[in-house]
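Below is the file coords_38.pdb, which contains PDB, C-alpha atoms, pLDDT in the B column.
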```
ATOM      1  CA  SER A   1      18.548  -6.584   2.080  1.00 84.00           C
ATOM      2  CA  GLN A   2      16.546  -3.460   1.471  1.00 87.00           C
ATOM      3  CA  THR A   3      15.203  -1.240   4.222  1.00 92.00           C
ATOM      4  CA  ILE A   4      12.922   1.768   4.085  1.00 96.00           C
ATOM      5  CA  HIS A   5      12.824   4.426   6.769  1.00 96.00           C
ATOM      6  CA  GLN A   6      10.340   7.185   7.459  1.00 97.00           C
ATOM      7  CA  TRP A   7      10.431   9.954  10.003  1.00 95.00           C
ATOM      8  CA  PRO A   8       9.040  11.284  12.091  1.00 95.00           C
ATOM      9  CA  ALA A   9       6.737   8.473  13.202  1.00 96.00           C
ATOM     10  CA  THR A  10       4.148  10.870  14.609  1.00 96.00           C
ATOM     11  CA  LEU A  11       3.637  14.584  14.102  1.00 97.00           C
ATOM     12  CA  VAL A  12       1.148  17.085  15.492  1.00 97.00           C
ATOM     13  CA  GLN A  13       1.151  20.396  13.662  1.00 97.00           C
ATOM     14  CA  PRO A  14      -1.010  23.535  13.763  1.00 98.00           C
ATOM     15  CA  VAL A  15      -2.983  24.635  10.734  1.00 97.00           C
ATOM     16  CA  GLY A  16      -0.900  26.900   8.517  1.00 97.00           C
ATOM     17  CA  SER A  17       2.457  25.491   9.574  1.00 98.00           C
ATOM     18  CA  PRO A  18       4.923  23.939   7.107  1.00 97.00           C
ATOM     19  CA  LEU A  19       5.536  20.219   6.718  1.00 97.00           C
ATOM     20  CA  SER A  20       8.486  18.076   5.780  1.00 97.00           C
ATOM     21  CA  LEU A  21       8.343  14.272   5.858  1.00 97.00           C
ATOM     22  CA  GLU A  22      11.351  12.249   4.852  1.00 97.00           C
ATOM     23  CA  CYS A  23      11.739   8.781   3.417  1.00 98.00           C
ATOM     24  CA  THR A  24      14.995   6.963   2.699  1.00 98.00           C
ATOM     25  CA  VAL A  25      15.691   3.563   1.211  1.00 97.00           C
ATOM     26  CA  GLU A  26      18.775   1.449   1.835  1.00 96.00           C
ATOM     27  CA  GLY A  27      20.157  -1.523  -0.049  1.00 93.00           C
ATOM     28  CA  THR A  28      19.019  -0.715  -3.573  1.00 91.00           C
ATOM     29  CA  SER A  29      19.831   1.764  -6.316  1.00 90.00           C
ATOM     30  CA  ASN A  30      17.557   3.891  -8.468  1.00 93.00           C
ATOM     31  CA  PRO A  31      14.307   2.650  -6.941  1.00 94.00           C
ATOM     32  CA  ASN A  32      10.899   3.961  -7.894  1.00 95.00           C
ATOM     33  CA  LEU A  33       9.564   5.878  -4.896  1.00 97.00           C
ATOM     34  CA  TYR A  34       5.978   6.588  -3.881  1.00 97.00           C
ATOM     35  CA  TRP A  35       4.068   8.726  -1.381  1.00 97.00           C
ATOM     36  CA  TYR A  36       0.603   7.590  -0.292  1.00 97.00           C
ATOM     37  CA  ARG A  37      -1.908   8.998   2.154  1.00 96.00           C
ATOM     38  CA  GLN A  38      -4.341   6.826   4.052  1.00 94.00           C
ATOM     39  CA  ALA A  39      -7.254   8.484   5.834  1.00 85.00           C
ATOM     40  CA  ALA A  40      -8.747   6.655   8.835  1.00 77.00           C
ATOM     41  CA  GLY A  41     -10.614   3.559   7.666  1.00 71.00           C
ATOM     42  CA  ARG A  42      -9.948   4.364   4.030  1.00 76.00           C
ATOM     43  CA  GLY A  43      -7.811   2.959   1.261  1.00 86.00           C
ATOM     44  CA  LEU A  44      -4.483   4.191  -0.045  1.00 93.00           C
ATOM     45  CA  GLN A  45      -4.390   7.361  -2.106  1.00 93.00           C
ATOM     46  CA  LEU A  46      -1.314   7.771  -4.297  1.00 95.00           C
ATOM     47  CA  LEU A  47       0.011  11.319  -3.991  1.00 96.00           C
ATOM     48  CA  PHE A  48       3.330  11.334  -5.859  1.00 96.00           C
ATOM     49  CA  TYR A  49       5.774   8.967  -7.437  1.00 95.00           C
ATOM     50  CA  SER A  50       9.299   9.302  -8.763  1.00 95.00           C
ATOM     51  CA  VAL A  51      11.313   7.201 -11.187  1.00 93.00           C
ATOM     52  CA  GLY A  52      14.561   9.134 -10.682  1.00 94.00           C
ATOM     53  CA  ILE A  53      16.303  12.110  -9.081  1.00 95.00           C
ATOM     54  CA  GLY A  54      14.327  15.275  -9.701  1.00 93.00           C
ATOM     55  CA  GLN A  55      11.548  13.408 -11.526  1.00 95.00           C
ATOM     56  CA  ILE A  56       8.203  13.779  -9.755  1.00 95.00           C
ATOM     57  CA  SER A  57       4.758  12.795 -10.981  1.00 93.00           C
ATOM     58  CA  SER A  58       1.795  14.251  -9.148  1.00 92.00           C
ATOM     59  CA  GLU A  59      -1.361  12.213  -8.956  1.00 90.00           C
ATOM     60  CA  VAL A  60      -3.656  14.524  -7.046  1.00 83.00           C
ATOM     61  CA  PRO A  61      -3.404  18.338  -7.179  1.00 66.00           C
ATOM     62  CA  GLN A  62      -3.481  19.574  -3.622  1.00 79.00           C
ATOM     63  CA  ASN A  63      -1.640  21.359  -0.869  1.00 89.00           C
ATOM     64  CA  LEU A  64       1.407  19.078  -0.993  1.00 95.00           C
ATOM     65  CA  SER A  65       4.587  18.767  -3.022  1.00 96.00           C
ATOM     66  CA  ALA A  66       7.339  16.172  -3.286  1.00 97.00           C
ATOM     67  CA  SER A  67      11.017  16.251  -4.076  1.00 97.00           C
ATOM     68  CA  ARG A  68      13.730  13.696  -4.681  1.00 97.00           C
ATOM     69  CA  PRO A  69      17.080  15.385  -4.039  1.00 96.00           C
ATOM     70  CA  GLN A  70      19.039  12.117  -3.899  1.00 96.00           C
ATOM     71  CA  ASP A  71      18.616   8.689  -5.431  1.00 96.00           C
ATOM     72  CA  ARG A  72      17.205   7.067  -2.297  1.00 96.00           C
ATOM     73  CA  GLN A  73      15.607  10.054  -0.591  1.00 97.00           C
ATOM     74  CA  PHE A  74      12.030  11.203  -1.077  1.00 98.00           C
ATOM     75  CA  ILE A  75      10.561  14.219   0.709  1.00 98.00           C
ATOM     76  CA  LEU A  76       6.936  15.271   1.100  1.00 97.00           C
ATOM     77  CA  SER A  77       6.346  18.936   1.872  1.00 97.00           C
ATOM     78  CA  SER A  78       3.724  21.553   2.414  1.00 96.00           C
ATOM     79  CA  LYS A  79       4.059  25.304   2.895  1.00 96.00           C
ATOM     80  CA  LYS A  80       0.824  25.651   4.874  1.00 96.00           C
ATOM     81  CA  LEU A  81      -0.979  22.667   6.352  1.00 96.00           C
ATOM     82  CA  LEU A  82      -4.743  22.321   6.227  1.00 95.00           C
ATOM     83  CA  LEU A  83      -6.953  20.325   8.589  1.00 94.00           C
ATOM     84  CA  SER A  84      -7.682  17.980   5.691  1.00 92.00           C
ATOM     85  CA  ASP A  85      -3.980  17.075   5.448  1.00 94.00           C
ATOM     86  CA  SER A  86      -4.309  14.921   8.571  1.00 94.00           C
ATOM     87  CA  GLY A  87      -3.738  11.244   7.877  1.00 95.00           C
ATOM     88  CA  PHE A  88      -1.287   8.390   7.727  1.00 96.00           C
ATOM     89  CA  TYR A  89       1.480   9.010   5.195  1.00 97.00           C
ATOM     90  CA  LEU A  90       3.239   6.043   3.695  1.00 98.00           C
ATOM     91  CA  CYS A  91       6.354   5.903   1.566  1.00 98.00           C
ATOM     92  CA  ALA A  92       6.980   2.907  -0.667  1.00 97.00           C
ATOM     93  CA  TRP A  93       9.695   1.729  -3.047  1.00 96.00           C
ATOM     94  CA  ARG A  94       9.853  -0.596  -6.003  1.00 94.00           C
ATOM     95  CA  LEU A  95      12.667  -2.016  -8.095  1.00 90.00           C
ATOM     96  CA  ALA A  96      13.109   0.037 -11.236  1.00 82.00           C
ATOM     97  CA  GLY A  97      12.837  -1.763 -14.541  1.00 72.00           C
ATOM     98  CA  GLY A  98      11.273  -4.907 -13.176  1.00 64.00           C
ATOM     99  CA  GLY A  99       9.131  -6.194 -10.393  1.00 66.00           C
ATOM    100  CA  GLU A 100       5.730  -4.743  -9.741  1.00 81.00           C
ATOM    101  CA  THR A 101       5.696  -5.259  -5.999  1.00 91.00           C
ATOM    102  CA  GLN A 102       5.958  -2.201  -3.786  1.00 95.00           C
ATOM    103  CA  TYR A 103       7.391  -2.291  -0.283  1.00 96.00           C
ATOM    104  CA  PHE A 104       6.126   0.096   2.326  1.00 97.00           C
ATOM    105  CA  GLY A 105       7.746   2.030   5.127  1.00 97.00           C
ATOM    106  CA  PRO A 106       6.383   2.227   8.679  1.00 97.00           C
ATOM    107  CA  GLY A 107       4.438   5.427   7.992  1.00 97.00           C
ATOM    108  CA  THR A 108       4.060   8.866   9.574  1.00 97.00           C
ATOM    109  CA  ARG A 109       0.902   9.728  11.432  1.00 97.00           C
ATOM    110  CA  LEU A 110       0.110  13.431  10.943  1.00 96.00           C
ATOM    111  CA  LEU A 111      -2.483  15.287  12.950  1.00 96.00           C
ATOM    112  CA  VAL A 112      -3.217  18.874  11.968  1.00 96.00           C
ATOM    113  CA  LEU A 113      -5.007  20.891  14.641  1.00 97.00           C
TER     114      LEU A 113
ATOM    115  CA  GLN B   1     -16.936   2.240 -11.375  1.00 76.00           C
ATOM    116  CA  LYS B   2     -13.669   1.717  -9.519  1.00 84.00           C
ATOM    117  CA  GLU B   3     -10.962  -0.321 -11.231  1.00 92.00           C
ATOM    118  CA  VAL B   4     -10.690  -2.548  -8.167  1.00 96.00           C
ATOM    119  CA  GLU B   5     -13.559  -3.353  -5.827  1.00 95.00           C
ATOM    120  CA  GLN B   6     -13.041  -4.798  -2.370  1.00 95.00           C
ATOM    121  CA  ASP B   7     -15.629  -5.178   0.360  1.00 89.00           C
ATOM    122  CA  PRO B   8     -14.379  -3.075   3.299  1.00 88.00           C
ATOM    123  CA  GLY B   9     -16.093  -5.304   5.858  1.00 89.00           C
ATOM    124  CA  PRO B  10     -15.619  -5.430   8.764  1.00 93.00           C
ATOM    125  CA  LEU B  11     -15.406  -9.211   8.772  1.00 96.00           C
ATOM    126  CA  SER B  12     -15.409 -11.059  12.090  1.00 97.00           C
ATOM    127  CA  VAL B  13     -14.863 -14.828  12.352  1.00 97.00           C
ATOM    128  CA  PRO B  14     -14.016 -17.293  15.146  1.00 97.00           C
ATOM    129  CA  GLU B  15     -10.497 -18.602  15.594  1.00 98.00           C
ATOM    130  CA  GLY B  16      -9.794 -21.645  13.449  1.00 98.00           C
ATOM    131  CA  ALA B  17     -12.243 -20.681  10.694  1.00 97.00           C
ATOM    132  CA  ILE B  18     -11.337 -20.487   7.025  1.00 98.00           C
ATOM    133  CA  VAL B  19     -11.385 -16.893   5.833  1.00 98.00           C
ATOM    134  CA  SER B  20     -12.060 -15.863   2.255  1.00 97.00           C
ATOM    135  CA  LEU B  21     -11.178 -12.353   1.091  1.00 98.00           C
ATOM    136  CA  ASN B  22     -11.953 -11.198  -2.426  1.00 97.00           C
ATOM    137  CA  CYS B  23     -11.425  -8.462  -4.974  1.00 97.00           C
ATOM    138  CA  THR B  24     -12.909  -7.889  -8.391  1.00 97.00           C
ATOM    139  CA  TYR B  25     -11.386  -5.747 -11.095  1.00 97.00           C
ATOM    140  CA  SER B  26     -12.338  -4.336 -14.451  1.00 96.00           C
ATOM    141  CA  ASN B  27      -9.023  -3.858 -16.287  1.00 95.00           C
ATOM    142  CA  SER B  28      -8.179  -6.937 -18.337  1.00 94.00           C
ATOM    143  CA  ALA B  29      -4.564  -5.709 -18.677  1.00 93.00           C
ATOM    144  CA  PHE B  30      -3.826  -6.515 -15.030  1.00 94.00           C
ATOM    145  CA  GLN B  31      -1.365  -9.393 -14.770  1.00 93.00           C
ATOM    146  CA  TYR B  32       0.299  -8.940 -11.376  1.00 94.00           C
ATOM    147  CA  PHE B  33      -1.708  -9.451  -8.225  1.00 96.00           C
ATOM    148  CA  MET B  34      -0.714  -8.850  -4.637  1.00 96.00           C
ATOM    149  CA  TRP B  35      -2.167  -9.108  -1.173  1.00 98.00           C
ATOM    150  CA  TYR B  36      -0.905  -6.878   1.616  1.00 98.00           C
ATOM    151  CA  ARG B  37      -1.581  -7.183   5.327  1.00 98.00           C
ATOM    152  CA  GLN B  38      -1.726  -4.018   7.404  1.00 96.00           C
ATOM    153  CA  TYR B  39      -1.805  -4.054  11.168  1.00 96.00           C
ATOM    154  CA  SER B  40      -3.229  -1.046  12.949  1.00 93.00           C
ATOM    155  CA  ARG B  41      -0.913   1.975  12.785  1.00 92.00           C
ATOM    156  CA  LYS B  42       1.657   0.102  10.676  1.00 95.00           C
ATOM    157  CA  GLY B  43       2.668   0.135   7.028  1.00 96.00           C
ATOM    158  CA  PRO B  44       1.280  -2.581   4.711  1.00 97.00           C
ATOM    159  CA  GLU B  45       3.454  -5.676   4.352  1.00 97.00           C
ATOM    160  CA  LEU B  46       3.466  -7.896   1.306  1.00 96.00           C
ATOM    161  CA  LEU B  47       1.751 -11.192   1.993  1.00 97.00           C
ATOM    162  CA  MET B  48       1.307 -12.863  -1.382  1.00 96.00           C
ATOM    163  CA  TYR B  49       2.324 -12.143  -4.972  1.00 94.00           C
ATOM    164  CA  THR B  50       0.864 -13.900  -8.003  1.00 93.00           C
ATOM    165  CA  TYR B  51       1.498 -13.507 -11.682  1.00 89.00           C
ATOM    166  CA  SER B  52      -1.360 -14.185 -14.096  1.00 87.00           C
ATOM    167  CA  SER B  53      -3.898 -16.894 -13.269  1.00 86.00           C
ATOM    168  CA  GLY B  54      -3.652 -19.792 -10.874  1.00 87.00           C
ATOM    169  CA  ASN B  55      -3.068 -20.547  -7.224  1.00 92.00           C
ATOM    170  CA  LYS B  56      -0.171 -19.885  -4.907  1.00 95.00           C
ATOM    171  CA  GLU B  57       0.160 -21.313  -1.434  1.00 96.00           C
ATOM    172  CA  ASP B  58       2.331 -20.156   1.459  1.00 96.00           C
ATOM    173  CA  GLY B  59       1.684 -21.854   4.763  1.00 97.00           C
ATOM    174  CA  ARG B  60      -1.861 -21.100   5.853  1.00 98.00           C
ATOM    175  CA  PHE B  61      -2.366 -18.600   3.035  1.00 98.00           C
ATOM    176  CA  THR B  62      -3.546 -19.336  -0.510  1.00 98.00           C
ATOM    177  CA  ALA B  63      -3.896 -16.719  -3.233  1.00 98.00           C
ATOM    178  CA  GLN B  64      -6.100 -17.471  -6.189  1.00 97.00           C
ATOM    179  CA  VAL B  65      -6.460 -15.555  -9.454  1.00 97.00           C
ATOM    180  CA  ASP B  66      -9.234 -16.105 -11.988  1.00 95.00           C
ATOM    181  CA  LYS B  67      -8.507 -13.752 -14.880  1.00 94.00           C
ATOM    182  CA  SER B  68     -11.491 -14.949 -16.902  1.00 94.00           C
ATOM    183  CA  SER B  69     -13.798 -13.706 -14.137  1.00 94.00           C
ATOM    184  CA  LYS B  70     -11.527 -10.814 -13.115  1.00 95.00           C
ATOM    185  CA  TYR B  71     -11.638 -12.075  -9.555  1.00 96.00           C
ATOM    186  CA  ILE B  72      -8.910 -12.702  -6.998  1.00 97.00           C
ATOM    187  CA  SER B  73      -9.117 -14.322  -3.596  1.00 97.00           C
ATOM    188  CA  LEU B  74      -7.041 -14.826  -0.481  1.00 98.00           C
ATOM    189  CA  PHE B  75      -7.827 -17.791   1.745  1.00 98.00           C
ATOM    190  CA  ILE B  76      -6.594 -18.070   5.306  1.00 98.00           C
ATOM    191  CA  ARG B  77      -6.791 -21.530   6.871  1.00 98.00           C
ATOM    192  CA  ASP B  78      -6.831 -22.167  10.603  1.00 98.00           C
ATOM    193  CA  SER B  79      -7.188 -18.450  11.263  1.00 98.00           C
ATOM    194  CA  GLN B  80      -5.484 -17.031  14.339  1.00 98.00           C
ATOM    195  CA  PRO B  81      -6.124 -13.868  16.387  1.00 97.00           C
ATOM    196  CA  SER B  82      -2.770 -12.616  15.062  1.00 97.00           C
ATOM    197  CA  ASP B  83      -4.331 -12.592  11.573  1.00 98.00           C
ATOM    198  CA  SER B  84      -6.575  -9.719  12.661  1.00 98.00           C
ATOM    199  CA  ALA B  85      -5.638  -6.869  10.346  1.00 97.00           C
ATOM    200  CA  THR B  86      -6.731  -5.020   7.236  1.00 96.00           C
ATOM    201  CA  TYR B  87      -6.049  -6.907   4.014  1.00 97.00           C
ATOM    202  CA  LEU B  88      -5.491  -4.921   0.819  1.00 97.00           C
ATOM    203  CA  CYS B  89      -5.479  -6.338  -2.673  1.00 97.00           C
ATOM    204  CA  ALA B  90      -3.350  -4.624  -5.321  1.00 96.00           C
ATOM    205  CA  MET B  91      -2.706  -5.208  -8.991  1.00 95.00           C
ATOM    206  CA  SER B  92      -0.994  -3.791 -12.049  1.00 93.00           C
ATOM    207  CA  GLY B  93      -0.347  -4.366 -15.708  1.00 90.00           C
ATOM    208  CA  ARG B  94       2.981  -5.131 -17.350  1.00 86.00           C
ATOM    209  CA  GLY B  95       5.334  -2.160 -17.215  1.00 82.00           C
ATOM    210  CA  ALA B  96       2.966  -0.078 -15.127  1.00 84.00           C
ATOM    211  CA  GLN B  97       4.593   2.333 -12.691  1.00 87.00           C
ATOM    212  CA  LYS B  98       1.682   2.247 -10.277  1.00 91.00           C
ATOM    213  CA  LEU B  99      -0.355  -0.279  -8.359  1.00 93.00           C
ATOM    214  CA  VAL B 100      -4.121  -0.073  -8.127  1.00 94.00           C
ATOM    215  CA  PHE B 101      -5.327  -0.902  -4.632  1.00 95.00           C
ATOM    216  CA  GLY B 102      -8.609  -2.110  -3.257  1.00 95.00           C
ATOM    217  CA  GLN B 103     -10.071  -0.266  -0.303  1.00 94.00           C
ATOM    218  CA  GLY B 104      -9.015  -3.005   2.121  1.00 95.00           C
ATOM    219  CA  THR B 105     -11.033  -5.452   4.223  1.00 96.00           C
ATOM    220  CA  ARG B 106     -10.811  -5.200   7.987  1.00 95.00           C
ATOM    221  CA  LEU B 107     -10.663  -8.691   9.481  1.00 97.00           C
ATOM    222  CA  THR B 108     -11.033  -9.684  13.134  1.00 97.00           C
ATOM    223  CA  ILE B 109     -10.372 -13.232  14.371  1.00 98.00           C
ATOM    224  CA  ASN B 110     -12.102 -13.833  17.683  1.00 97.00           C
ATOM    225  CA  PRO B 111     -10.432 -16.206  20.193  1.00 95.00           C
TER     226      PRO B 111
END
```

Write-out of the structure in structure tokens:
Amino acid sequence: SQTIHQWPATLVQPVGSPLSLECTVEGTSNPNLYWYRQAAGRGLQLLFYSVGIGQISSEVPQNLSASRPQDRQFILSSKKLLLSDSGFYLCAWRLAGGGETQYFGPGTRLLVL
Amino acid sequence: QKEVEQDPGPLSVPEGAIVSLNCTYSNSAFQYFMWYRQYSRKGPELLMYTYSSGNKEDGRFTAQVDKSSKYISLFIRDSQPSDSATYLCAMSGRGAQKLVFGQGTRLTINP
């Protein structure tokens, strides 16, 4: 069966510091991978998605970037965090070439102070 | 106008009640419809998946799709306090790489 991991679970960072959030998927090959942000009481905002190694599509221009160095690894980064980057970050995967359903990880709660 | 509209609530009902959650959409190309349940501070989990129109039942949960009205529903029978969560609808067209989500409805079942 497939499993998706995210870490860290919680992160408190000062404004201006760098960020690196990691997501890994087990039990499947060549998945589509997604990064979402969810502000408190709000819906899901798609940030990036990837259909393969090194292939990143950005949905919202902002202070974040994403990379996919390995087939089942997806990283969300920032060089300098802003207060507005606070939120709940969710990684999701989907079978490539079939199946529309996405499966979510446990999320990372980021607080920028 | 958003592609998917979902009343954010909050919705509060007594235990044992039938709950009806709904989403409307504007894109007639949508064919795949999902409902996710999200507990506080957790990632969304897939609850129901429906292709095209019709009903699908799983235990106390029934998902309904009316493509002619561009309207989908999730019914929860015999609601329990453990059903208290935010429910998100999501949908996509054939071959689409992305899902379009509703804002989510926060539901509380009172014992």

Exercise for the section: For chain B, report every residue with an atom at most 6 Å from chain A (counting all atoms listed in the file), formatted as a list in words. Expected result: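 That gives Lys42, Gly43 and Gln103 of chain B for chain B.
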
Exercise for the section: Please tell me which residues are no farther than 12 Å from (1.6, -1.6, -15.1) in the file, counting only C-alpha atoms, and write them as an NGL selection string. Expected result: (:A and (97-101)) or (:B and (27-33 or 90-100))

Within 10 Å of region 57-66 of chain B, counting all atoms listed in the file, which residues qualify if same-chain residues fewer than 4 places away don't, as a tab-separated table (two decimals) with C-alpha atoms, in the coordinates of the input?
```tsv
chain	number	residue	atom	x	y	z
B	18	ILE	CA	-11.34	-20.49	7.02
B	19	VAL	CA	-11.38	-16.89	5.83
B	20	SER	CA	-12.06	-15.86	2.26
B	21	LEU	CA	-11.18	-12.35	1.09
B	22	ASN	CA	-11.95	-11.20	-2.43
B	23	CYS	CA	-11.42	-8.46	-4.97
B	24	THR	CA	-12.91	-7.89	-8.39
B	31	GLN	CA	-1.36	-9.39	-14.77
B	32	TYR	CA	0.30	-8.94	-11.38
B	33	PHE	CA	-1.71	-9.45	-8.22
B	34	MET	CA	-0.71	-8.85	-4.64
B	35	TRP	CA	-2.17	-9.11	-1.17
B	47	LEU	CA	1.75	-11.19	1.99
B	48	MET	CA	1.31	-12.86	-1.38
B	49	TYR	CA	2.32	-12.14	-4.97
B	50	THR	CA	0.86	-13.90	-8.00
B	51	TYR	CA	1.50	-13.51	-11.68
B	52	SER	CA	-1.36	-14.18	-14.10
B	53	SER	CA	-3.90	-16.89	-13.27
B	70	LYS	CA	-11.53	-10.81	-13.12
B	71	TYR	CA	-11.64	-12.08	-9.56
B	72	ILE	CA	-8.91	-12.70	-7.00
B	73	SER	CA	-9.12	-14.32	-3.60
B	74	LEU	CA	-7.04	-14.83	-0.48
B	75	PHE	CA	-7.83	-17.79	1.74
B	76	ILE	CA	-6.59	-18.07	5.31
B	77	ARG	CA	-6.79	-21.53	6.87
B	78	ASP	CA	-6.83	-22.17	10.60
B	79	SER	CA	-7.19	-18.45	11.26
```

Handout entry: Among the residues A:Leu110, A:Leu19, A:Pro31, A:Leu47, the one that comes closest to Glu59 (chain A) [using all atoms listed in the file]
Key =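 Under the stated criterion, the closest residue is A:Leu47.
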
Exercise for the section: In Å, rounded to a single decimal, give me how far CA of Gln55 (chain A) is from CA of Val25 (chain A). Expected result: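 Rounded to one decimal, the two atoms are 16.6 Å apart.
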
Exercise for the section: Any chance you could resolve the PyMOL selection byres ((chain A and resi 15) around 10) against this file and give the residues as a PyMOL selection string? Expected result: chain A and resi 12-14+16-18+80-85+111-113

Would you compute the box with edges along x, y and z of the file around region 11-24 of chain B, including every atom the file lists for it and 3 Å extra on each side, and give its centre and edge lengths in Å to one decimal, as JSON?
```
{"center_x": -12.6, "center_y": -14.8, "center_z": 3.6, "size_x": 11.6, "size_y": 19.8, "size_z": 30.0}
```

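The space between CA of Cys89 (chain B) and CA of Gly102 (chain B) spans 5.3 Å.
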
Exercise for the section: Enumerate, as a PyMOL selection string, the residues matched when the PyMOL selection byres ((chain A and resi 60) around 12) is run on the file above. Expected result: chain A and resi 35-37+45-49+57-59+61-66

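When the PyMOL selection byres ((chain B and resi 40) around 8) is evaluated on the file shown here, the picked residues come out as B:Gln38, B:Tyr39, B:Arg41, B:Lys42, B:Ala85, B:Thr86.
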
Practice task
Can you work out the spacing between CA of Thr108 (chain B) and CA of Val13 (chain B) in Å, to one decimal?
Solution key: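 Answer for the CA of Thr108 (chain B) to CA of Val13 (chain B) separation: 6.5 Å.
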
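Shortest atom-to-atom contact with Leu95 (chain A) among A:Ile53, A:Thr10, A:Leu76, A:Gln2: A:Gln2, counting all atoms listed in the file.
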